[in-house]
Amino acid sequence: MPKSSPKPARERTPVRLIAFCYALMGPACAINAAFIAIAIPAMAPYGFAGLVSAAALGAVVGILPALWLARRIGDGIRDDA
């Protein structure tokens with residue numbers, strides 16, 4: 001016999017909200033990754049190409065906090081009443 005969960009069924013987060021959060025978090029993570037690449041002396045031989053690749057990697061990793069933020073915002077603005 002299945003148990004009924006006290007939690008309501010989870011709805012999907014709207015794509016527009018995810019895109020908005022990524023527009024905030026993607027560039028922020030890219031800038032942070034570029035600053036980290038500048039601060040690491042071992043990155044010096046890679047020059048500008050290393051800086052750009054670190055920023056690109058940071059922008060890709062920025063999707064993770066963007067998804068988290070979108071889910072938190074989506075849960076907060078949903079009307080469960």
# chains A, B, ... in the order shown; residues from 1 in each chain; ligands from 1

call {"tool": "select_by_dssp", "arguments": {"residues": "chain A", "states": "alpha helix (DSSP H)", "output": "PyMOL selection string"}}
result
chain A and resi 15-39+47-61+63-77

call {"tool": "residues_around", "arguments": {"residues": "Gly62 in chain A", "least_positions_apart": "2", "cutoff": "8 Å", "atoms": "only C-alpha atoms", "output": "mmCIF file with N, CA and C atoms, in the first residue's frame"}}
result
data_model
loop_
_atom_site.group_PDB
_atom_site.id
_atom_site.type_symbol
_atom_site.label_atom_id
_atom_site.label_comp_id
_atom_site.auth_asym_id
_atom_site.auth_seq_id
_atom_site.Cartn_x
_atom_site.Cartn_y
_atom_site.Cartn_z
ATOM 1 N N TYR A 22 20.389 32.054 -14.983
ATOM 2 C CA TYR A 22 21.674 31.817 -15.635
ATOM 3 C C TYR A 22 22.266 33.111 -16.171
ATOM 4 N N MET A 25 23.964 34.336 -13.031
ATOM 5 C CA MET A 25 25.028 33.523 -12.448
ATOM 6 C C MET A 25 26.123 33.140 -13.430
ATOM 7 N N GLY A 26 25.827 32.998 -14.697
ATOM 8 C CA GLY A 26 26.827 32.606 -15.686
ATOM 9 C C GLY A 26 27.982 33.591 -15.777
ATOM 10 N N PRO A 27 27.697 34.870 -16.029
ATOM 11 C CA PRO A 27 28.797 35.845 -16.085
ATOM 12 C C PRO A 27 29.510 36.021 -14.746
ATOM 13 N N ALA A 28 28.792 35.900 -13.658
ATOM 14 C CA ALA A 28 29.431 36.036 -12.345
ATOM 15 C C ALA A 28 30.441 34.917 -12.118
ATOM 16 N N CYS A 29 30.071 33.699 -12.461
ATOM 17 C CA CYS A 29 31.004 32.576 -12.303
ATOM 18 C C CYS A 29 32.164 32.687 -13.288
ATOM 19 N N ALA A 30 31.910 33.211 -14.483
ATOM 20 C CA ALA A 30 32.987 33.395 -15.457
ATOM 21 C C ALA A 30 34.002 34.416 -14.963
ATOM 22 N N GLY A 58 34.182 28.575 -16.259
ATOM 23 C CA GLY A 58 33.382 29.158 -15.179
ATOM 24 C C GLY A 58 31.947 29.430 -15.603
ATOM 25 N N ALA A 59 31.778 29.872 -16.848
ATOM 26 C CA ALA A 59 30.418 30.121 -17.342
ATOM 27 C C ALA A 59 29.625 28.831 -17.463
ATOM 28 N N VAL A 60 30.284 27.754 -17.841
ATOM 29 C CA VAL A 60 29.605 26.458 -17.939
ATOM 30 C C VAL A 60 29.226 25.959 -16.548
ATOM 31 N N LEU A 64 25.076 25.407 -12.537
ATOM 32 C CA LEU A 64 24.698 24.719 -11.300
ATOM 33 C C LEU A 64 24.086 25.668 -10.262
ATOM 34 N N PRO A 65 24.730 26.791 -9.927
ATOM 35 C CA PRO A 65 24.060 27.694 -8.990
ATOM 36 C C PRO A 65 22.820 28.356 -9.593
ATOM 37 N N ALA A 66 22.799 28.484 -10.915
ATOM 38 C CA ALA A 66 21.611 29.063 -11.552
ATOM 39 C C ALA A 66 20.410 28.137 -11.403
#

call {"tool": "atom_distance", "arguments": {"atom1": "CA of Cys21 in chain A", "atom2": "CA of Leu69 in chain A"}}
result
6.7 Å

call {"tool": "residues_around", "arguments": {"residues": "range 73-75 of chain A", "least_positions_apart": "4", "cutoff": "8 Å", "atoms": "only C-alpha atoms", "output": "list of chain:residue names"}}
result
A:Thr13, A:Pro14, A:Leu17, A:Leu69

call {"tool": "atom_distance", "arguments": {"atom1": "CA of Leu51 in chain A", "atom2": "CA of Trp68 in chain A"}}
result
26.5 Å

call {"tool": "atom_distance", "arguments": {"atom1": "CA of Asn32 in chain A", "atom2": "CA of Gly47 in chain A"}}
result
16.9 Å

call {"tool": "decode", "arguments": {"residues": "range 3-78 of chain A", "atoms": "C-alpha atoms", "output": "mmCIF file, in the first residue's frame"}}
result
data_model
loop_
_atom_site.group_PDB
_atom_site.id
_atom_site.type_symbol
_atom_site.label_atom_id
_atom_site.label_comp_id
_atom_site.auth_asym_id
_atom_site.auth_seq_id
_atom_site.Cartn_x
_atom_site.Cartn_y
_atom_site.Cartn_z
ATOM 1 C CA LYS A 3 2.115 5.919 1.581
ATOM 2 C CA SER A 4 0.928 9.395 0.881
ATOM 3 C CA SER A 5 3.669 11.951 1.286
ATOM 4 C CA PRO A 6 2.958 15.187 3.141
ATOM 5 C CA LYS A 7 4.951 17.038 0.463
ATOM 6 C CA PRO A 8 3.043 18.190 -2.600
ATOM 7 C CA ALA A 9 4.165 16.958 -6.013
ATOM 8 C CA ARG A 10 7.038 19.029 -7.359
ATOM 9 C CA GLU A 11 6.317 21.155 -10.399
ATOM 10 C CA ARG A 12 8.840 21.896 -13.101
ATOM 11 C CA THR A 13 10.740 25.157 -12.859
ATOM 12 C CA PRO A 14 9.830 27.487 -15.749
ATOM 13 C CA VAL A 15 12.507 27.756 -18.438
ATOM 14 C CA ARG A 16 12.261 31.558 -18.394
ATOM 15 C CA LEU A 17 13.187 31.586 -14.718
ATOM 16 C CA ILE A 18 16.143 29.265 -15.322
ATOM 17 C CA ALA A 19 17.326 31.475 -18.200
ATOM 18 C CA PHE A 20 17.027 34.588 -16.035
ATOM 19 C CA CYS A 21 19.013 33.009 -13.210
ATOM 20 C CA TYR A 22 21.674 31.817 -15.635
ATOM 21 C CA ALA A 23 21.912 35.321 -17.059
ATOM 22 C CA LEU A 24 22.817 36.417 -13.533
ATOM 23 C CA MET A 25 25.028 33.523 -12.448
ATOM 24 C CA GLY A 26 26.827 32.606 -15.686
ATOM 25 C CA PRO A 27 28.797 35.845 -16.085
ATOM 26 C CA ALA A 28 29.431 36.036 -12.345
ATOM 27 C CA CYS A 29 31.004 32.576 -12.303
ATOM 28 C CA ALA A 30 32.987 33.395 -15.457
ATOM 29 C CA ILE A 31 34.431 36.528 -13.862
ATOM 30 C CA ASN A 32 35.287 34.629 -10.676
ATOM 31 C CA ALA A 33 37.016 31.889 -12.673
ATOM 32 C CA ALA A 34 39.013 34.495 -14.602
ATOM 33 C CA PHE A 35 40.140 36.129 -11.360
ATOM 34 C CA ILE A 36 41.150 32.744 -9.966
ATOM 35 C CA ALA A 37 43.140 32.071 -13.151
ATOM 36 C CA ILE A 38 44.904 35.414 -12.735
ATOM 37 C CA ALA A 39 45.753 34.608 -9.119
ATOM 38 C CA ILE A 40 47.325 31.210 -9.877
ATOM 39 C CA PRO A 41 50.967 31.647 -10.927
ATOM 40 C CA ALA A 42 50.977 28.300 -12.759
ATOM 41 C CA MET A 43 48.463 29.726 -15.270
ATOM 42 C CA ALA A 44 50.931 32.398 -16.457
ATOM 43 C CA PRO A 45 52.401 30.356 -19.343
ATOM 44 C CA TYR A 46 48.944 29.931 -20.875
ATOM 45 C CA GLY A 47 48.419 33.695 -21.226
ATOM 46 C CA PHE A 48 45.241 35.127 -22.641
ATOM 47 C CA ALA A 49 44.040 31.784 -24.034
ATOM 48 C CA GLY A 50 44.195 30.279 -20.532
ATOM 49 C CA LEU A 51 42.296 33.236 -19.117
ATOM 50 C CA VAL A 52 39.538 32.908 -21.722
ATOM 51 C CA SER A 53 39.301 29.141 -21.284
ATOM 52 C CA ALA A 54 39.052 29.522 -17.493
ATOM 53 C CA ALA A 55 36.260 32.068 -17.962
ATOM 54 C CA ALA A 56 34.449 29.758 -20.383
ATOM 55 C CA LEU A 57 34.714 26.888 -17.931
ATOM 56 C CA GLY A 58 33.382 29.158 -15.179
ATOM 57 C CA ALA A 59 30.418 30.121 -17.342
ATOM 58 C CA VAL A 60 29.605 26.458 -17.939
ATOM 59 C CA VAL A 61 29.872 25.659 -14.234
ATOM 60 C CA GLY A 62 27.606 28.657 -13.554
ATOM 61 C CA ILE A 63 24.585 26.602 -14.610
ATOM 62 C CA LEU A 64 24.698 24.719 -11.300
ATOM 63 C CA PRO A 65 24.060 27.694 -8.990
ATOM 64 C CA ALA A 66 21.611 29.063 -11.552
ATOM 65 C CA LEU A 67 19.511 25.896 -11.386
ATOM 66 C CA TRP A 68 19.615 25.957 -7.591
ATOM 67 C CA LEU A 69 18.565 29.617 -7.503
ATOM 68 C CA ALA A 70 15.767 29.071 -10.021
ATOM 69 C CA ARG A 71 14.358 26.188 -7.990
ATOM 70 C CA ARG A 72 14.473 28.224 -4.781
ATOM 71 C CA ILE A 73 12.774 31.198 -6.433
ATOM 72 C CA GLY A 74 10.220 28.924 -8.118
ATOM 73 C CA ASP A 75 9.341 27.320 -4.792
ATOM 74 C CA GLY A 76 8.977 30.728 -3.184
ATOM 75 C CA ILE A 77 6.667 32.277 -5.767
ATOM 76 C CA ARG A 78 4.458 29.243 -6.338
#
